[in-house]
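Coordinates as given in model_19.tsv (TSV, C-alpha atoms):
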chain	number	residue	atom	x	y	z
Y	2	MET	CA	0.00	0.00	0.00
Y	3	GLU	CA	1.31	3.45	-0.93
Y	4	LEU	CA	1.91	6.06	1.78
Y	5	ARG	CA	-0.22	9.11	0.93
Y	6	ILE	CA	1.86	12.20	1.67
Y	7	GLY	CA	0.82	15.85	2.00
Y	8	VAL	CA	3.52	18.45	1.33
Y	9	VAL	CA	3.19	21.87	2.99
Y	10	GLY	CA	5.23	24.57	1.27
Y	11	LEU	CA	6.38	24.57	-2.36
Y	12	GLY	CA	9.50	26.70	-2.41
Y	13	ALA	CA	12.72	25.35	-3.95
Y	14	ILE	CA	13.19	22.46	-1.53
Y	15	GLY	CA	9.45	21.71	-1.47
Y	16	ARG	CA	9.21	21.40	-5.25
Y	17	ASP	CA	12.40	19.36	-5.28
Y	18	HIS	CA	10.98	16.92	-2.71
Y	19	VAL	CA	7.63	16.61	-4.51
Y	20	GLN	CA	9.50	15.60	-7.64
Y	21	ARG	CA	11.73	13.22	-5.68
Y	22	LEU	CA	8.82	11.54	-3.91
Y	23	SER	CA	6.96	11.17	-7.19
Y	24	ARG	CA	9.78	9.95	-9.42
Y	25	ARG	CA	12.51	8.39	-7.29
Y	26	ILE	CA	11.04	7.18	-4.00
Y	27	THR	CA	9.00	3.98	-3.99
Y	28	GLY	CA	5.96	3.11	-1.87
Y	29	CYS	CA	4.45	6.59	-1.72
Y	30	LYS	CA	2.19	9.09	-3.51
Y	31	VAL	CA	2.06	12.87	-3.14
Y	32	ALA	CA	-1.66	13.08	-2.45
Y	33	ALA	CA	-1.91	16.75	-1.53
Y	34	VAL	CA	0.06	19.99	-1.53
Y	35	ALA	CA	-0.43	23.29	0.30
Y	36	GLU	CA	1.07	26.61	-0.75
Y	37	VAL	CA	0.27	30.25	0.05
Y	38	ASN	CA	0.93	31.16	-3.60
Y	39	GLU	CA	-2.25	29.67	-5.06
Y	40	LYS	CA	-1.07	29.86	-8.67
Y	41	VAL	CA	2.10	27.90	-7.91
Y	42	GLY	CA	0.25	25.46	-5.67
Y	43	ARG	CA	-2.46	24.63	-8.19
Y	44	GLU	CA	0.07	24.27	-10.99
Y	45	ILE	CA	2.16	21.74	-9.06
Y	46	ALA	CA	-0.94	19.94	-7.76
Y	47	GLY	CA	-2.10	19.47	-11.35
Y	48	GLN	CA	1.32	18.34	-12.51
Y	49	TYR	CA	1.44	15.54	-9.93
Y	50	ASP	CA	-2.28	14.69	-9.71
Y	51	ALA	CA	-2.47	15.93	-6.11
Y	52	LYS	CA	-5.19	17.87	-4.31
Y	53	PHE	CA	-4.48	21.54	-3.66
Y	54	TYR	CA	-5.00	23.18	-0.26
Y	55	ALA	CA	-4.61	26.87	0.46
Y	56	ASP	CA	-4.25	26.10	4.17
Y	57	GLY	CA	-1.52	23.80	5.52
Y	58	GLU	CA	-3.40	22.73	8.64
Y	59	GLU	CA	-6.42	21.76	6.57
Y	60	LEU	CA	-4.15	19.51	4.52
Y	61	ILE	CA	-2.67	17.96	7.66
Y	62	ASN	CA	-6.10	17.15	9.08
Y	63	SER	CA	-7.41	15.72	5.82
Y	64	PRO	CA	-8.22	11.97	6.08
Y	65	GLU	CA	-6.63	11.39	2.67
Y	66	VAL	CA	-3.19	12.42	4.03
Y	67	GLN	CA	-1.35	9.75	6.02
Y	68	ALA	CA	2.00	11.50	6.47
Y	69	VAL	CA	3.17	15.10	6.25
Y	70	MET	CA	6.22	16.83	4.81
Y	71	VAL	CA	6.93	20.39	5.99
Y	72	THR	CA	8.99	22.46	3.54
Y	73	THR	CA	7.72	25.96	4.26
Y	74	TRP	CA	9.92	28.93	5.16
Y	75	ASP	CA	11.71	28.34	8.46
Y	76	PRO	CA	9.50	30.40	10.83
Y	77	ALA	CA	6.42	28.29	9.91
Y	78	HIS	CA	8.00	24.89	10.59
Y	79	ALA	CA	6.94	24.65	14.24
Y	80	GLN	CA	3.28	25.44	13.49
Y	81	TYR	CA	2.88	22.59	11.01
Y	82	VAL	CA	4.95	20.10	12.99
Y	83	MET	CA	2.71	20.74	16.02
Y	84	ALA	CA	-0.40	20.30	13.87
Y	85	SER	CA	0.97	16.97	12.59
Y	86	ILE	CA	1.65	15.73	16.11
Y	87	LYS	CA	-1.87	16.67	17.17
Y	88	ALA	CA	-3.19	14.77	14.13
Y	89	ASN	CA	-1.01	11.78	15.14
Y	90	LYS	CA	0.65	11.66	11.72
Y	91	PRO	CA	4.31	11.03	10.82
Y	92	VAL	CA	5.92	14.33	9.86
Y	93	PHE	CA	9.17	15.00	8.03
Y	94	CYS	CA	10.29	18.57	8.70
Y	95	GLU	CA	13.09	20.14	6.73
Y	96	LYS	CA	15.71	21.75	8.95
Y	97	PRO	CA	15.50	23.62	11.20
Y	98	LEU	CA	12.85	22.05	13.41
Y	99	ALA	CA	11.98	25.59	14.54
Y	100	THR	CA	13.65	28.98	14.59
Y	101	GLU	CA	13.19	29.45	18.35
Y	102	VAL	CA	14.31	27.21	21.21
Y	103	GLU	CA	10.97	27.55	23.02
Y	104	ALA	CA	9.11	26.23	19.96
Y	105	CYS	CA	11.39	23.17	19.87
Y	106	GLU	CA	10.69	22.52	23.54
Y	107	GLU	CA	6.95	22.70	22.87
Y	108	ILE	CA	7.30	20.15	20.06
Y	109	ILE	CA	9.28	17.78	22.31
Y	110	ARG	CA	6.64	17.99	25.03
Y	111	ALA	CA	3.81	17.38	22.57
Y	112	GLU	CA	5.54	14.36	21.03
Y	113	GLN	CA	6.19	12.80	24.43
Y	114	GLU	CA	2.56	13.36	25.39
Y	115	LEU	CA	1.56	11.60	22.18
Y	116	GLY	CA	3.60	8.62	23.38
Y	117	ARG	CA	5.46	7.79	20.17
Y	118	ARG	CA	8.00	9.39	17.87
Y	119	VAL	CA	6.44	10.84	14.73
Y	120	VAL	CA	8.89	13.69	13.93
Y	121	GLN	CA	11.94	13.42	11.71
Y	122	VAL	CA	14.10	16.47	10.97
Y	123	GLY	CA	15.68	16.79	7.53
Y	124	PHE	CA	19.36	16.65	8.39
Y	125	MET	CA	20.21	14.73	5.23
Y	126	ARG	CA	23.98	14.67	5.75
Y	127	ARG	CA	23.54	11.77	8.18
Y	128	TYR	CA	22.54	9.73	5.11
Y	129	ASP	CA	25.38	10.92	2.86
Y	130	PRO	CA	27.67	7.98	1.92
Y	131	GLY	CA	30.77	10.12	2.52
Y	132	TYR	CA	29.75	11.08	6.06
Y	133	GLN	CA	28.65	7.50	6.71
Y	134	GLU	CA	32.10	6.23	5.71
Y	135	LEU	CA	33.80	8.93	7.78
Y	136	LYS	CA	31.79	7.91	10.85
Y	137	LYS	CA	32.66	4.24	10.25
Y	138	THR	CA	36.36	5.16	10.11
Y	139	ILE	CA	36.13	6.99	13.44
Y	140	ARG	CA	34.12	4.22	15.13
Y	141	GLU	CA	36.62	1.57	14.05
Y	142	GLY	CA	39.41	3.55	15.71
Y	143	LYS	CA	41.50	3.86	12.55
Y	144	ILE	CA	42.63	7.37	13.47
Y	145	GLY	CA	42.67	6.80	17.23
Y	146	GLN	CA	40.66	9.15	19.40
Y	147	PRO	CA	39.42	12.33	17.69
Y	148	MET	CA	41.01	15.53	19.00
Y	149	ILE	CA	40.24	18.24	16.45
Y	150	VAL	CA	37.76	18.82	13.61
Y	151	HIS	CA	38.29	21.32	10.80
Y	152	ALA	CA	35.23	21.93	8.62
Y	153	CYS	CA	33.80	24.44	6.19
Y	154	HIS	CA	30.46	25.19	4.57
Y	155	ARG	CA	30.89	27.48	1.56
Y	156	ASN	CA	28.03	28.61	-0.66
Y	157	MET	CA	28.79	30.07	-4.07
Y	158	SER	CA	26.24	32.82	-3.43
Y	159	HIS	CA	23.24	33.44	-1.21
Y	160	ALA	CA	19.61	34.45	-1.42
Y	161	ALA	CA	18.71	38.10	-0.96
Y	162	THR	CA	16.92	37.13	2.27
Y	163	MET	CA	20.10	35.79	3.93
Y	164	THR	CA	21.09	37.56	7.16
Y	165	SER	CA	24.09	37.36	9.47
Y	166	GLU	CA	21.94	35.48	12.00
Y	167	MET	CA	20.67	33.01	9.39
Y	168	SER	CA	24.23	32.17	8.38
Y	169	ILE	CA	24.43	30.04	11.51
Y	170	LYS	CA	20.75	29.19	12.05
Y	171	ASN	CA	20.14	28.17	8.44
Y	172	SER	CA	23.52	27.05	7.02
Y	173	GLY	CA	25.66	26.35	10.08
Y	174	VAL	CA	22.91	24.26	11.67
Y	175	HIS	CA	23.81	21.44	9.24
Y	176	GLU	CA	27.35	21.35	10.61
Y	177	ILE	CA	26.11	21.58	14.19
Y	178	ASP	CA	23.96	18.49	13.72
Y	179	VAL	CA	26.21	16.31	11.57
Y	180	LEU	CA	29.35	16.85	13.68
Y	181	ARG	CA	27.50	15.95	16.88
Y	182	TRP	CA	26.23	12.80	15.12
Y	183	LEU	CA	29.63	12.04	13.58
Y	184	LEU	CA	31.56	12.30	16.86
Y	185	GLU	CA	28.80	10.84	19.07
Y	186	ASP	CA	29.50	13.61	21.54
Y	187	GLU	CA	27.73	16.64	23.01
Y	188	TYR	CA	28.73	20.30	22.94
Y	189	VAL	CA	29.69	22.12	26.13
Y	190	SER	CA	30.76	25.54	24.84
Y	191	GLY	CA	30.92	27.63	21.69
Y	192	GLN	CA	31.88	30.96	20.25
Y	193	VAL	CA	31.89	32.81	16.92
Y	194	VAL	CA	34.98	34.45	15.43
Y	195	LEU	CA	34.56	37.10	12.74
Y	196	PRO	CA	37.51	37.26	10.32
Y	197	ARG	CA	38.16	39.91	7.70
Y	198	GLN	CA	34.91	40.77	5.94
Y	199	SER	CA	34.18	39.58	2.40
Y	200	ARG	CA	33.88	42.58	0.08
Y	201	ILE	CA	30.98	40.90	-1.73
Y	202	SER	CA	28.90	40.37	1.41
Y	203	ALA	CA	29.87	43.70	2.95
Y	204	LYS	CA	28.01	45.50	0.16
Y	205	GLU	CA	24.84	43.64	1.19
Y	206	GLY	CA	25.17	44.22	4.92
Y	207	LEU	CA	25.93	40.56	5.64
Y	208	GLN	CA	28.62	39.57	8.13
Y	209	ASP	CA	30.51	36.96	6.14
Y	210	PRO	CA	32.37	34.72	6.64
Y	211	GLN	CA	31.83	33.53	10.20
Y	212	ILE	CA	33.76	30.86	12.10
Y	213	MET	CA	31.95	28.67	14.62
Y	214	MET	CA	34.15	27.29	17.41
Y	215	LEU	CA	32.79	24.40	19.48
Y	216	ARG	CA	34.13	22.20	22.27
Y	217	THR	CA	32.62	18.82	23.18
Y	218	GLN	CA	32.32	16.89	26.43
Y	219	LYS	CA	35.28	14.71	25.40
Y	220	GLY	CA	37.40	17.81	24.78
Y	221	ILE	CA	37.28	17.75	20.98
Y	222	CYS	CA	37.84	21.22	19.49
Y	223	ILE	CA	35.89	22.07	16.33
Y	224	ASP	CA	36.23	25.00	13.95
Y	225	VAL	CA	33.74	25.51	11.12
Y	226	GLU	CA	34.00	28.24	8.49
Y	227	ILE	CA	30.61	29.40	7.20
Y	228	SER	CA	30.81	31.42	3.99
Y	229	GLN	CA	27.82	32.63	1.98
Y	230	SER	CA	29.76	34.09	-0.95
Y	231	SER	CA	32.71	31.89	-1.87
Y	232	GLY	CA	32.21	32.80	-5.51
Y	233	TYR	CA	33.58	29.49	-6.82
Y	234	GLY	CA	31.06	26.79	-5.87
Y	235	TYR	CA	29.31	24.87	-3.11
Y	236	ASP	CA	32.10	23.35	-1.04
Y	237	ILE	CA	31.62	21.14	2.02
Y	238	GLN	CA	34.77	19.96	3.80
Y	239	CYS	CA	35.43	18.05	7.02
Y	240	GLU	CA	38.68	16.70	8.44
Y	241	VAL	CA	38.88	14.81	11.73
Y	242	VAL	CA	42.28	14.77	13.43
Y	243	GLY	CA	42.94	11.83	15.74
Y	244	ASP	CA	45.95	10.86	17.82
Y	245	LEU	CA	46.83	8.11	15.31
Y	246	GLY	CA	45.94	9.81	12.04
Y	247	THR	CA	43.43	11.92	10.16
Y	248	ALA	CA	40.28	11.22	8.15
Y	249	ARG	CA	38.77	13.52	5.53
Y	250	LEU	CA	35.31	13.67	4.01
Y	251	PRO	CA	35.66	12.77	0.31
Y	252	ASP	CA	34.72	15.26	-2.38
Y	253	PRO	CA	31.93	14.16	-4.73
Y	254	PRO	CA	33.29	12.13	-7.66
Y	255	SER	CA	34.18	14.31	-10.62
Y	256	VAL	CA	36.16	13.78	-13.80
Y	257	ALA	CA	39.54	15.51	-13.74
Y	258	THR	CA	40.63	17.09	-17.00
Y	259	LYS	CA	44.01	18.26	-18.26
Y	260	THR	CA	43.83	20.83	-21.06
Y	261	ASN	CA	45.67	24.00	-22.07
Y	262	CYS	CA	48.39	23.46	-19.47
Y	263	SER	CA	45.86	23.22	-16.64
Y	264	HIS	CA	44.49	20.44	-14.43
Y	265	THR	CA	40.86	20.99	-13.39
Y	266	THR	CA	38.17	19.21	-11.38
Y	267	ALA	CA	34.56	20.39	-11.32
Y	268	ILE	CA	33.00	21.65	-8.08
Y	269	MET	CA	29.30	21.31	-7.32
Y	270	PRO	CA	27.32	24.55	-7.82
Y	271	ASP	CA	24.76	24.04	-5.03
Y	272	TRP	CA	23.33	21.79	-2.30
Y	273	GLN	CA	20.77	20.18	-4.61
Y	274	ASN	CA	23.54	18.53	-6.64
Y	275	ARG	CA	25.99	17.89	-3.81
Y	276	PHE	CA	23.59	15.93	-1.59
Y	277	ILE	CA	21.19	14.45	-4.13
Y	278	GLU	CA	22.05	10.87	-3.11
Y	279	ALA	CA	21.71	11.69	0.59
Y	280	TYR	CA	18.24	13.18	0.00
Y	281	ASN	CA	17.14	10.09	-1.93
Y	282	ILE	CA	18.34	7.69	0.78
Y	283	GLU	CA	16.88	9.86	3.55
Y	284	LEU	CA	13.38	10.13	2.07
Y	285	GLN	CA	13.21	6.47	1.07
Y	286	ASP	CA	14.10	5.56	4.66
Y	287	TRP	CA	11.44	7.92	6.04
Y	288	VAL	CA	8.75	6.57	3.69
Y	289	ASP	CA	9.63	2.95	4.47
Y	290	HIS	CA	9.35	3.52	8.21
Y	291	ALA	CA	6.13	5.54	8.03
Y	292	ARG	CA	4.48	3.10	5.59
Y	293	ASN	CA	5.19	0.19	7.94
Y	294	GLY	CA	3.99	1.99	11.06
Y	295	LEU	CA	7.50	2.32	12.50
Y	296	GLU	CA	9.00	5.29	14.31
Y	297	PRO	CA	11.39	7.32	12.12
Y	298	ALA	CA	15.07	6.38	12.17
Y	299	GLY	CA	16.52	9.76	11.16
Y	300	ALA	CA	17.23	12.88	13.21
Y	301	SER	CA	14.63	13.24	15.96
Y	302	ALA	CA	12.83	16.23	17.42
Y	303	TRP	CA	15.43	16.08	20.21
Y	304	ASP	CA	18.23	16.37	17.66
Y	305	GLY	CA	16.43	19.33	16.09
Y	306	TYR	CA	16.12	20.95	19.52
Y	307	ILE	CA	19.83	20.51	20.32
Y	308	ALA	CA	20.80	22.00	16.94
Y	309	CYS	CA	18.50	24.98	17.48
Y	310	LEU	CA	19.75	25.56	21.04
Y	311	THR	CA	23.40	25.39	19.96
Y	312	ALA	CA	22.78	27.78	17.05
Y	313	HIS	CA	21.00	30.15	19.45
Y	314	VAL	CA	23.99	30.24	21.82
Y	315	LEU	CA	26.39	30.81	18.92
Y	316	GLY	CA	24.16	33.63	17.68
Y	317	GLN	CA	24.39	35.25	21.10
Y	318	CYS	CA	28.18	34.93	20.98
Y	319	ARG	CA	28.34	36.74	17.65
Y	320	ALA	CA	25.99	39.49	18.80
Y	321	GLU	CA	27.96	40.02	22.01
Y	322	GLY	CA	31.40	40.26	20.44
Y	323	GLY	CA	32.44	36.62	20.02
Y	324	MET	CA	33.25	35.61	23.61
Y	325	ALA	CA	32.85	31.90	24.36
Y	326	LYS	CA	29.64	30.79	26.05
Y	327	GLU	CA	28.64	27.63	27.87
Y	328	ILE	CA	26.13	25.46	26.03
Y	329	LYS	CA	23.87	24.09	28.75
Y	330	LEU	CA	22.13	21.02	27.40
Y	331	PRO	CA	19.34	19.43	29.46
Y	332	GLN	CA	19.43	15.73	30.14
Y	333	ARG	CA	18.11	13.71	27.21
Y	334	PRO	CA	14.68	12.24	28.04
Y	335	GLY	CA	14.52	8.45	27.98
Y	336	PHE	CA	11.86	8.85	25.29
Y	337	TYR	CA	14.64	9.90	22.86
Y	338	CYS	CA	17.32	7.43	23.89
This structure in structure tokens:
Amino acid sequence: MELRIGVVGLGAIGRDHVQRLSRRITGCKVAAVAEVNEKVGREIAGQYDAKFYADGEELINSPEVQAVMVTTWDPAHAQYVMASIKANKPVFCEKPLATEVEACEEIIRAEQELGRRVVQVGFMRRYDPGYQELKKTIREGKIGQPMIVHACHRNMSHAATMTSEMSIKNSGVHEIDVLRWLLEDEYVSGQVVLPRQSRISAKEGLQDPQIMMLRTQKGICIDVEISQSSGYGYDIQCEVVGDLGTARLPDPPSVATKTNCSHTTAIMPDWQNRFIEAYNIELQDWVDHARNGLEPAGASAWDGYIACLTAHVLGQCRAEGGMAKEIKLPQRPGFYC
């Protein structure tokens, strides 16, 4: 039996996921879509033989929808995740879970009251084969115990709506989640260092780049460069330094060419191309679990909460001049163990 999915929000990632669910993921059908832009919503609904809703909560409460995907703009995520929990329906929410810590806490309480996990947060890097292999290398002890992590998240360019705060809450949140998952460790402190300003971003009033500095319970020191205007491509790097060696996240496979006295290798232009395989694996896993009545296996509401809380503390550090702050994490409820 196909899982009938309702998608709320049809921006870039929403349209991308509707296409992916319809053409690449098995065992499901996009049964309904909701979008505030009625023209766009009706056009996509017609293209995929789905029912159109002008209101996201009406879609969520529709008996024809068995599972929900939330791909709206970030500030609306919490509203539709809460509505899905109240409707007792599996919900896949693109990152972040919410833009405010208090909203994440409300979601966690509601899910525990429901008595079963229904929320999965779209941190797709956990499903990326490169990150999976890197985690396997660390777990097997091939590089000894991790001591340092160097990472970067460079976008070629950014949307006009990007802000200095969003640079961490929207882009850096991926690093915050995947490094915690990769190292199987929790953060205890963080700070933000602001290097020399990019001339490109300075013209737009954006503080860029930014460097997130994190320390974990085991004493691992992490530095992550977040750049919104690299100008050359979408570049994700991660190197883990252990006491017996180092391990580096592989670049996506690309043909190297030698012409005109130069040696070149292509770089991905954006996230849609770089993590296409991770998205496919992630959504197939979510559909398989929801279709069989199982709790989701991906990032939980708790993981989304920790990422939001960490990003919030780092945002405070940047706003207050970059001084390090303690990251006070509450004890993980047994419900999420």
Please report the interatomic distance between CA of Met213 in chain Y and CA of Gln198 in chain Y in Å with one decimal.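 One can read the CA of Met213 in chain Y to CA of Gln198 in chain Y distance as 15.2 Å.
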Out of Y:Arg117, Y:His290, Y:Lys90, Y:Arg275, which residue has the shortest atom-to-atom distance to Gln67 in chain Y when counting all atoms listed in the file?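 Checking each of Y:Arg117, Y:His290, Y:Lys90, Y:Arg275 against Gln67 in chain Y, counting all atoms listed in the file, the winner is Y:Lys90.
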Using only C-alpha atoms, which residues sit within 10 Å of range 223-230 of chain Y once same-chain residues fewer than 3 positions away are excluded, as a PyMOL selection string? chain Y and resi 148-160+163-165+168-169+172-173+176-177+180+188+191-196+199-202+207-217+220+233-241
Determine, counting only C-alpha atoms, which protein, DNA and RNA residues have an atom within 10 Å of an atom of range 83-85 of chain Y; residues of the same chain fewer than 3 positions away are not included. Present the result as a PyMOL selection string. chain Y and resi 57-62+68-71+78-80+88-93+104-105+107-109+111-112+119-120
Which of these, Y:Glu141, Y:Glu134, Y:Glu36, Y:Glu187, has the shortest distance to Pro331 in chain Y once you count all atoms listed in the file?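 Closest residue, counting all atoms listed in the file: Y:Glu187.
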Y:Gly42, Y:Gly116, Y:Gly15, Y:Gly10: which is nearest Gly335 in chain Y, counting all atoms listed in the file?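 Checking each candidate against Gly335 in chain Y, we get Y:Gly116 as the closest.
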Which residue of Y:Arg249, Y:Lys219, Y:Arg25, Y:Lys326 approaches His313 in chain Y most closely, using all atoms listed in the file: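 Nearest to His313 in chain Y: Y:Lys326.
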Between CA of Ile277 in chain Y and CA of Ile86 in chain Y, what is the distance in Å, rounded to a tenth? 28.2 Å
Which one is closest to Ala33 in chain Y: Y:His18, Y:Gly12, Y:Leu184, Y:Glu65? Count all atoms listed in the file.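 Closest to Ala33 in chain Y of all the choices is Y:Glu65.
Proximity of Y:Pro130, Y:Gly305, Y:Gly206, Y:Pro64 to Val82 in chain Y, computed with only C-alpha atoms, is greatest for Y:Gly305.
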All residues 10 Å or closer to Tyr337 in chain Y, all atoms listed in the file, same chain fewer than 5 positions away omitted, as a PyMOL selection string: chain Y and resi 109+113+117-118+301-304
Between CA of Gln133 in chain Y and CA of Gln273 in chain Y, what is the spacing in Å?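 Computing the Euclidean distance for CA of Gln273 in chain Y and CA of Gln133 in chain Y yields 18.7 Å.
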Using all atoms listed in the file, determine which residues lie at most 9 Å from Asn38 in chain Y, disregarding the query and same-chain residues fewer than 5 positions distant; provide the list as a ChimeraX atom specification. /Y:11,43,55
Shell of 6 Å around Ala279 in chain Y, all atoms listed in the file, local chain residues under 2 positions omitted, as a PyMOL selection string: chain Y and resi 125+128-129+276-277+281-283
Using all atoms listed in the file, give me every residue within 12 Å of (38.2, 6.7, 14.5) in file coordinates, as JSON, numbers by chain. {"Y": [134, 135, 136, 137, 138, 139, 140, 141, 142, 143, 144, 145, 146, 147, 148, 149, 183, 184, 185, 240, 241, 242, 243, 244, 245, 246, 247, 248, 249]}
